[in-house]
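All remarks here apply to the structure that follows.
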Amino acid sequence: MTLEKNKIKTDEEGLEEILDFLRQTGIKFSTKSETRVIKRLGIMIGMHGFDNYFELLNLLQTDPQTRRNLIKWLERGKVFNEEKKSFIPLVQRDMSKEETLYTPKKGSLKKKRRNGFFIWENIHLNHKNDETWLDSERNQKKILEFLRNKKVRFTSKDETRILKRLKLIAKRIGFKNYSSLLKLLNSDPQTLDAVLNWLEKGRVYKEDENSFSPLVKRDTILQNSVSRKITKKKSKKKPQHTIQLDLIPHIPDPKDQEYLSSIYTFLSKNNINYEAYKEKYFLRRVHSRMMKVDAHTYHEYLNLLETDPRESNLLIDNLSINVTRFFRDKDLWSKLEHTILPKIGVNRSQSIRIWSAGCAVGPEPYSIAILMFDKFKSANLDRLDILATDLRQEFLEQAQAGVYSYDLLEEINPVKLQTYFKPITHELFQLSRNIREKVTFKKHDLRLAPPSRNFDIILCRNVLIYFSRNQAEKLFRRFYSALKPNGYLVLGKCELVPIPVRHLFKIVDSKTRIYKRN
């Protein structure tokens, strides 16, 4: 896998954080050795298929084994010491800070293969007080979002039970966090099928139905796509749970690759600009659709695209996935409420113009509208103008209705929930009319010119990461032209302004990714 050096250079803040993290864990290296350490970190990012240092930092923080492997690899590097006139290790570590790996006693466990993956019997698991389990709420949310993206249905009340079952599986495989299990499920459809089968066997009591029902339910399309039989041959060797971070499946027939070019041609004729997306991301989305429609080759999928017009629209929707919730990322909304909005103010003759680019079903623009009403209760908000755009018409229609399930409202303040929402069923809530009237929804492709100009704030979070580097630079130039002088641009946590256009903006808050137009 080739490593794009320009991607690594754009992640300067992540680089500083990962170097500080290594020093905090007892790793010592000189300023002269820092360049070689950075090169090795860059190689590791390329090997894992990451796009930035933040993703690597998250892996090192949650997976102790990967952290130790990295440290050992850095120690193998040599650098010439002029004082000693000899070569010394690239880095040195403080053994007093060395952590101990969890190693079960020999003979105390019995290995068996069950439901498609190896488990260890007789492991005592204490979910409440388990020192060997290292994880965070962020990874819990990630694995639950992964299941929902796989069309696995469950209620928010059952999330705790699901996490306990997933933890049990992870521990029996030998993992110490949800992150490692998530990578395995992403790369191994057989294990995913086995895990979902086991989750379906769980039962939960439904009071409204007065009966027990499965803990989770999943679409039959997904179930059929991963229903390959699992071999039951016994192996004396310990299974290698190598995490394949490059999730693009290998298609064995080289001739089939020719039809991939035909798919590109077909998409271009239908005004779908595939070049705007990163190649690996684009192929993952295509393979995701292939799996759902049970197409085993590019040839089969091309035939489906040519014969079924609906599949092109479904592919566009798949390319434009955006996970969103009301008031997602509390630090950002706190910064907007206490720092940014007071600077913009409402007591002025000109209108306040805000653009939510890639709004999905509307939680982001509605969140900013609620924040404005909450912050300036006594002020006149007639001049508040919020524009929300997205590529998918059905998402915009859902946003205009303002009806949401409780899953999207979990992070909202209970007072705000009671003030601005009214329950219409036991699971659905509708946003109040006065908030909905402040937001205008419009279909718009970010690859085209901005829908308007003179915005005070542009929010474009967790959208740019799906675009290629060249297309991202063009997007930032469009944002620059669409903002007022000293207007604010808000990005996602894993997104940075590319170096060629960095002079157009200055950082207001690096943690929440808030920028200001120069």
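Lettering and numbering for the structure tokens are positional, with chains as A, B, ... in the shown order, residues counted from 1 in each chain, and ligands counted from 1 in the shown order.
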Need the shell around Val79 (chain A): protein/DNA/RNA residues with any atom at most 7 Å away, counting only C-alpha atoms. Skip same-chain ones fewer than 6 positions apart. Format as a PDB file with all heavy atoms, in the first residue's frame?
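As a result, result38.pdb now contains:
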ATOM      1  N   PHE A  87      26.234   2.955  17.376  1.00  0.00           N
ATOM      2  CA  PHE A  87      24.799   3.034  17.097  1.00  0.00           C
ATOM      3  C   PHE A  87      24.002   2.672  18.351  1.00  0.00           C
ATOM      4  O   PHE A  87      24.344   1.716  19.056  1.00  0.00           O
ATOM      5  CB  PHE A  87      24.419   2.088  15.952  1.00  0.00           C
ATOM      6  CG  PHE A  87      24.868   2.583  14.608  1.00  0.00           C
ATOM      7  CD1 PHE A  87      26.105   2.211  14.105  1.00  0.00           C
ATOM      8  CD2 PHE A  87      24.068   3.420  13.844  1.00  0.00           C
ATOM      9  CE1 PHE A  87      26.540   2.661  12.877  1.00  0.00           C
ATOM     10  CE2 PHE A  87      24.499   3.873  12.605  1.00  0.00           C
ATOM     11  CZ  PHE A  87      25.741   3.497  12.124  1.00  0.00           C
ATOM     12  N   ILE A  88      22.953   3.443  18.610  1.00  0.00           N
ATOM     13  CA  ILE A  88      22.082   3.187  19.756  1.00  0.00           C
ATOM     14  C   ILE A  88      20.643   3.077  19.255  1.00  0.00           C
ATOM     15  O   ILE A  88      20.329   3.492  18.133  1.00  0.00           O
ATOM     16  CB  ILE A  88      22.190   4.321  20.803  1.00  0.00           C
ATOM     17  CG1 ILE A  88      21.774   5.673  20.179  1.00  0.00           C
ATOM     18  CG2 ILE A  88      23.587   4.398  21.378  1.00  0.00           C
ATOM     19  CD1 ILE A  88      21.689   6.804  21.181  1.00  0.00           C
ATOM     20  N   PRO A  89      19.725   2.480  20.065  1.00  0.00           N
ATOM     21  CA  PRO A  89      18.316   2.367  19.635  1.00  0.00           C
ATOM     22  C   PRO A  89      17.699   3.730  19.329  1.00  0.00           C
ATOM     23  O   PRO A  89      18.052   4.743  19.946  1.00  0.00           O
ATOM     24  CB  PRO A  89      17.630   1.707  20.834  1.00  0.00           C
ATOM     25  CG  PRO A  89      18.720   0.971  21.527  1.00  0.00           C
ATOM     26  CD  PRO A  89      19.956   1.787  21.341  1.00  0.00           C
ATOM     27  N   LEU A  90      16.809   3.744  18.363  1.00  0.00           N
ATOM     28  CA  LEU A  90      16.138   4.981  17.963  1.00  0.00           C
ATOM     29  C   LEU A  90      15.364   5.590  19.127  1.00  0.00           C
ATOM     30  O   LEU A  90      15.344   6.807  19.302  1.00  0.00           O
ATOM     31  CB  LEU A  90      15.184   4.703  16.792  1.00  0.00           C
ATOM     32  CG  LEU A  90      14.414   5.884  16.197  1.00  0.00           C
ATOM     33  CD1 LEU A  90      15.355   6.920  15.628  1.00  0.00           C
ATOM     34  CD2 LEU A  90      13.448   5.386  15.120  1.00  0.00           C
TER      35      LEU A  90
END
Original post:
Using only C-alpha atoms, which residue out of A:Ala388, A:Leu314, A:Val91, A:Val501 lies closest to Ser367 (chain A)?
Top reply: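 Checking each of A:Ala388, A:Leu314, A:Val91, A:Val501 against Ser367 (chain A), counting only C-alpha atoms, the winner is A:Ala388.
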Find the residues near region 444-461 of chain A: any atom within 9 Å, counting only C-alpha atoms, skip ones fewer than 4 places away on the same chain, and give them as an mmCIF file with N, CA and C atoms, in the first residue's frame.
data_model
loop_
_atom_site.group_PDB
_atom_site.id
_atom_site.type_symbol
_atom_site.label_atom_id
_atom_site.label_comp_id
_atom_site.auth_asym_id
_atom_site.auth_seq_id
_atom_site.Cartn_x
_atom_site.Cartn_y
_atom_site.Cartn_z
ATOM 1 N N ASN A 273 -19.974 12.036 -10.342
ATOM 2 C CA ASN A 273 -18.546 12.327 -10.394
ATOM 3 C C ASN A 273 -17.796 11.472 -9.375
ATOM 4 N N ALA A 276 -14.465 12.621 -7.428
ATOM 5 C CA ALA A 276 -14.489 13.524 -6.281
ATOM 6 C C ALA A 276 -14.301 12.772 -4.965
ATOM 7 N N ILE A 344 -21.212 37.119 16.911
ATOM 8 C CA ILE A 344 -22.060 37.444 15.754
ATOM 9 C C ILE A 344 -23.169 38.393 16.174
ATOM 10 N N ILE A 352 -28.677 37.322 10.129
ATOM 11 C CA ILE A 352 -27.679 36.303 10.487
ATOM 12 C C ILE A 352 -27.873 35.124 9.551
ATOM 13 N N ARG A 353 -26.844 34.800 8.781
ATOM 14 C CA ARG A 353 -26.966 33.764 7.754
ATOM 15 C C ARG A 353 -26.044 32.597 8.099
ATOM 16 N N ILE A 354 -26.628 31.392 8.168
ATOM 17 C CA ILE A 354 -25.896 30.184 8.534
ATOM 18 C C ILE A 354 -26.206 29.107 7.505
ATOM 19 N N TRP A 355 -25.169 28.390 7.079
ATOM 20 C CA TRP A 355 -25.330 27.310 6.090
ATOM 21 C C TRP A 355 -24.856 25.996 6.702
ATOM 22 N N SER A 356 -25.747 25.003 6.741
ATOM 23 C CA SER A 356 -25.396 23.646 7.149
ATOM 24 C C SER A 356 -25.250 22.804 5.892
ATOM 25 N N ALA A 357 -23.997 22.531 5.483
ATOM 26 C CA ALA A 357 -23.714 21.804 4.241
ATOM 27 C C ALA A 357 -23.616 20.309 4.531
ATOM 28 N N GLY A 358 -24.429 19.507 3.842
ATOM 29 C CA GLY A 358 -24.479 18.072 4.126
ATOM 30 C C GLY A 358 -25.264 17.811 5.399
ATOM 31 N N CYS A 359 -26.497 18.307 5.435
ATOM 32 C CA CYS A 359 -27.287 18.304 6.681
ATOM 33 C C CYS A 359 -27.952 16.978 6.981
ATOM 34 N N GLU A 364 -28.441 18.833 12.543
ATOM 35 C CA GLU A 364 -27.463 19.908 12.710
ATOM 36 C C GLU A 364 -28.079 21.298 12.543
ATOM 37 N N PRO A 365 -28.778 21.602 11.440
ATOM 38 C CA PRO A 365 -29.359 22.946 11.323
ATOM 39 C C PRO A 365 -30.418 23.230 12.380
ATOM 40 N N THR A 389 -28.521 22.148 3.299
ATOM 41 C CA THR A 389 -28.484 21.495 1.982
ATOM 42 C C THR A 389 -27.980 20.069 2.100
ATOM 43 N N ASP A 390 -28.449 19.247 1.172
ATOM 44 C CA ASP A 390 -27.986 17.867 1.069
ATOM 45 C C ASP A 390 -28.255 17.373 -0.338
ATOM 46 N N LEU A 391 -27.593 16.294 -0.702
ATOM 47 C CA LEU A 391 -27.711 15.754 -2.060
ATOM 48 C C LEU A 391 -28.943 14.869 -2.216
ATOM 49 N N ARG A 392 -29.465 14.345 -1.102
ATOM 50 C CA ARG A 392 -30.540 13.359 -1.169
ATOM 51 C C ARG A 392 -31.887 13.992 -0.863
ATOM 52 N N ILE A 465 -14.321 14.352 4.510
ATOM 53 C CA ILE A 465 -13.416 13.196 4.576
ATOM 54 C C ILE A 465 -13.686 12.199 3.465
ATOM 55 N N GLN A 471 -10.474 17.721 -4.844
ATOM 56 C CA GLN A 471 -11.837 18.196 -4.728
ATOM 57 C C GLN A 471 -12.048 18.937 -3.407
ATOM 58 N N LYS A 474 -10.907 22.516 -3.700
ATOM 59 C CA LYS A 474 -11.892 23.335 -4.411
ATOM 60 C C LYS A 474 -13.051 23.696 -3.488
ATOM 61 N N LEU A 475 -13.451 22.732 -2.646
ATOM 62 C CA LEU A 475 -14.546 22.985 -1.708
ATOM 63 C C LEU A 475 -14.196 24.114 -0.737
ATOM 64 N N ARG A 478 -14.532 27.398 -2.318
ATOM 65 C CA ARG A 478 -15.944 27.790 -2.424
ATOM 66 C C ARG A 478 -16.458 28.287 -1.076
ATOM 67 N N PHE A 479 -16.058 27.607 -0.002
ATOM 68 C CA PHE A 479 -16.467 28.059 1.330
ATOM 69 C C PHE A 479 -15.927 29.462 1.621
ATOM 70 N N SER A 481 -15.288 31.834 -0.526
ATOM 71 C CA SER A 481 -16.045 32.836 -1.288
ATOM 72 C C SER A 481 -17.464 33.001 -0.747
ATOM 73 N N ALA A 482 -17.998 31.950 -0.101
ATOM 74 C CA ALA A 482 -19.369 32.020 0.410
ATOM 75 C C ALA A 482 -19.451 32.684 1.780
ATOM 76 N N LEU A 483 -18.329 32.772 2.507
ATOM 77 C CA LEU A 483 -18.327 33.371 3.838
ATOM 78 C C LEU A 483 -18.176 34.886 3.774
ATOM 79 N N LYS A 484 -18.736 35.564 4.775
ATOM 80 C CA LYS A 484 -18.473 36.977 4.952
ATOM 81 C C LYS A 484 -17.039 37.160 5.448
ATOM 82 N N PRO A 485 -16.463 38.333 5.326
ATOM 83 C CA PRO A 485 -15.165 38.577 5.969
ATOM 84 C C PRO A 485 -15.269 38.305 7.469
ATOM 85 N N ASN A 486 -14.320 37.550 8.006
ATOM 86 C CA ASN A 486 -14.320 37.122 9.413
ATOM 87 C C ASN A 486 -15.438 36.138 9.734
ATOM 88 N N GLY A 487 -16.022 35.494 8.697
ATOM 89 C CA GLY A 487 -17.029 34.459 8.932
ATOM 90 C C GLY A 487 -16.376 33.181 9.432
ATOM 91 N N TYR A 488 -17.179 32.292 10.024
ATOM 92 C CA TYR A 488 -16.654 31.096 10.675
ATOM 93 C C TYR A 488 -16.972 29.839 9.860
ATOM 94 N N LEU A 489 -15.992 28.915 9.831
ATOM 95 C CA LEU A 489 -16.160 27.620 9.185
ATOM 96 C C LEU A 489 -15.961 26.530 10.228
ATOM 97 N N VAL A 490 -16.919 25.590 10.321
ATOM 98 C CA VAL A 490 -16.865 24.519 11.314
ATOM 99 C C VAL A 490 -16.747 23.182 10.586
ATOM 100 N N LEU A 491 -15.699 22.413 10.923
ATOM 101 C CA LEU A 491 -15.448 21.113 10.305
ATOM 102 C C LEU A 491 -15.623 19.996 11.332
ATOM 103 N N GLY A 492 -15.538 18.744 10.844
ATOM 104 C CA GLY A 492 -15.598 17.587 11.730
ATOM 105 C C GLY A 492 -14.274 17.394 12.454
ATOM 106 N N LYS A 493 -14.302 16.567 13.487
ATOM 107 C CA LYS A 493 -13.114 16.387 14.335
ATOM 108 C C LYS A 493 -11.929 15.810 13.576
ATOM 109 N N GLU A 495 -11.211 16.307 10.404
ATOM 110 C CA GLU A 495 -11.001 17.051 9.160
ATOM 111 C C GLU A 495 -10.110 18.263 9.406
#
Original post:
Hey, what's within 10 Å of Val497 (chain A) if we count only C-alpha atoms and toss same-chain stuff fewer than 6 positions away? As a count of residues only, please?
Top reply: 14
Subject >> Residues near Glu411 (chain A), cut-off 8 Å, only C-alpha atoms, skip fewer than 3 positions along chain, as a count of residues only >> reply: 5
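Distances here use only C-alpha atoms; by that measure, the residue among A:Gln92, A:Glu311, A:Glu12, A:Lys269 closest to Ser30 (chain A) is A:Gln92.
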Original post:
To one decimal place, how far is CA of Lys330 (chain A) from CA of Thr155 (chain A) in Å?
Top reply: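 Calculated distance between CA of Lys330 (chain A) and CA of Thr155 (chain A) is 23.0 Å.
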**OP:** Check the smallest atom-to-atom distance from each of A:Ile162, A:Val195, A:Met372, A:Leu184 to Ile435 (chain A) using only C-alpha atoms, then report the winner.
**Re:**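 Under the stated criterion, the closest residue is A:Met372.
Distance-wise, CA of Met290 (chain A) and CA of Pro189 (chain A) end up 13.6 Å apart.
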Just the residues within 12 Å of Leu304 (chain A), please, counting only C-alpha atoms, with nothing from its chain fewer than 3 positions along; format it as a compact mmCIF listing (two decimals) with N, CA and C atoms, in the first residue's frame.
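Written out: around-v3.txt:
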# COMPACT_ATOMS: atom_id res chain seq x y z
N ILE A 263 -18.03 0.44 -15.10
CA ILE A 263 -18.87 1.06 -14.07
C ILE A 263 -18.55 2.54 -13.95
N PHE A 266 -20.11 4.29 -16.88
CA PHE A 266 -21.56 4.39 -16.71
C PHE A 266 -21.93 5.52 -15.75
N ARG A 289 -22.90 -2.02 -1.78
CA ARG A 289 -24.11 -2.22 -2.59
C ARG A 289 -24.10 -3.60 -3.25
N MET A 290 -22.93 -4.04 -3.72
CA MET A 290 -22.83 -5.36 -4.35
C MET A 290 -23.24 -6.46 -3.37
N VAL A 293 -27.14 -6.50 -2.90
CA VAL A 293 -27.93 -7.00 -4.03
C VAL A 293 -27.44 -8.37 -4.49
N ASP A 294 -26.49 -8.94 -3.72
CA ASP A 294 -25.97 -10.29 -4.00
C ASP A 294 -25.30 -10.37 -5.37
N ALA A 295 -24.54 -9.33 -5.72
CA ALA A 295 -23.74 -9.34 -6.96
C ALA A 295 -22.31 -9.73 -6.60
N HIS A 296 -21.82 -10.81 -7.17
CA HIS A 296 -20.52 -11.35 -6.79
C HIS A 296 -19.37 -10.80 -7.62
N THR A 297 -19.68 -10.17 -8.75
CA THR A 297 -18.63 -9.62 -9.62
C THR A 297 -19.04 -8.23 -10.09
N TYR A 298 -18.06 -7.48 -10.58
CA TYR A 298 -18.34 -6.17 -11.15
C TYR A 298 -19.26 -6.30 -12.38
N HIS A 299 -19.09 -7.39 -13.13
CA HIS A 299 -19.91 -7.62 -14.31
C HIS A 299 -21.39 -7.71 -13.94
N GLU A 300 -21.68 -8.47 -12.89
CA GLU A 300 -23.07 -8.62 -12.44
C GLU A 300 -23.64 -7.27 -11.97
N TYR A 301 -22.81 -6.51 -11.24
CA TYR A 301 -23.31 -5.23 -10.73
C TYR A 301 -23.51 -4.22 -11.86
N THR A 307 -29.76 -2.07 -16.02
CA THR A 307 -31.14 -2.53 -16.18
C THR A 307 -32.10 -1.95 -15.13
N ASP A 308 -31.56 -1.52 -13.99
CA ASP A 308 -32.42 -1.01 -12.91
C ASP A 308 -32.04 0.43 -12.57
N PRO A 309 -32.82 1.42 -13.00
CA PRO A 309 -32.47 2.83 -12.75
C PRO A 309 -32.42 3.17 -11.26
N ARG A 310 -33.14 2.43 -10.42
CA ARG A 310 -33.16 2.73 -8.99
C ARG A 310 -31.81 2.48 -8.33
N GLU A 311 -31.03 1.56 -8.88
CA GLU A 311 -29.75 1.21 -8.26
C GLU A 311 -28.78 2.38 -8.29
N SER A 312 -28.82 3.20 -9.34
CA SER A 312 -27.93 4.38 -9.40
C SER A 312 -28.23 5.33 -8.25
N LEU A 314 -29.61 4.51 -5.37
CA LEU A 314 -29.19 3.85 -4.13
C LEU A 314 -27.68 3.95 -3.93
N LEU A 315 -26.93 3.88 -5.03
CA LEU A 315 -25.48 4.01 -4.94
C LEU A 315 -25.10 5.43 -4.52
**OP:** Tell me, as a ChimeraX atom specification, which residues lie within 7 Å of region 23-27 of chain A, counting only C-alpha atoms; anything in the same chain fewer than 3 positions away does not count.
**Re:** /A:19-20,91-94,97
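Between CA of Thr324 (chain A) and CA of Pro363 (chain A) lies a distance of 6.7 Å.
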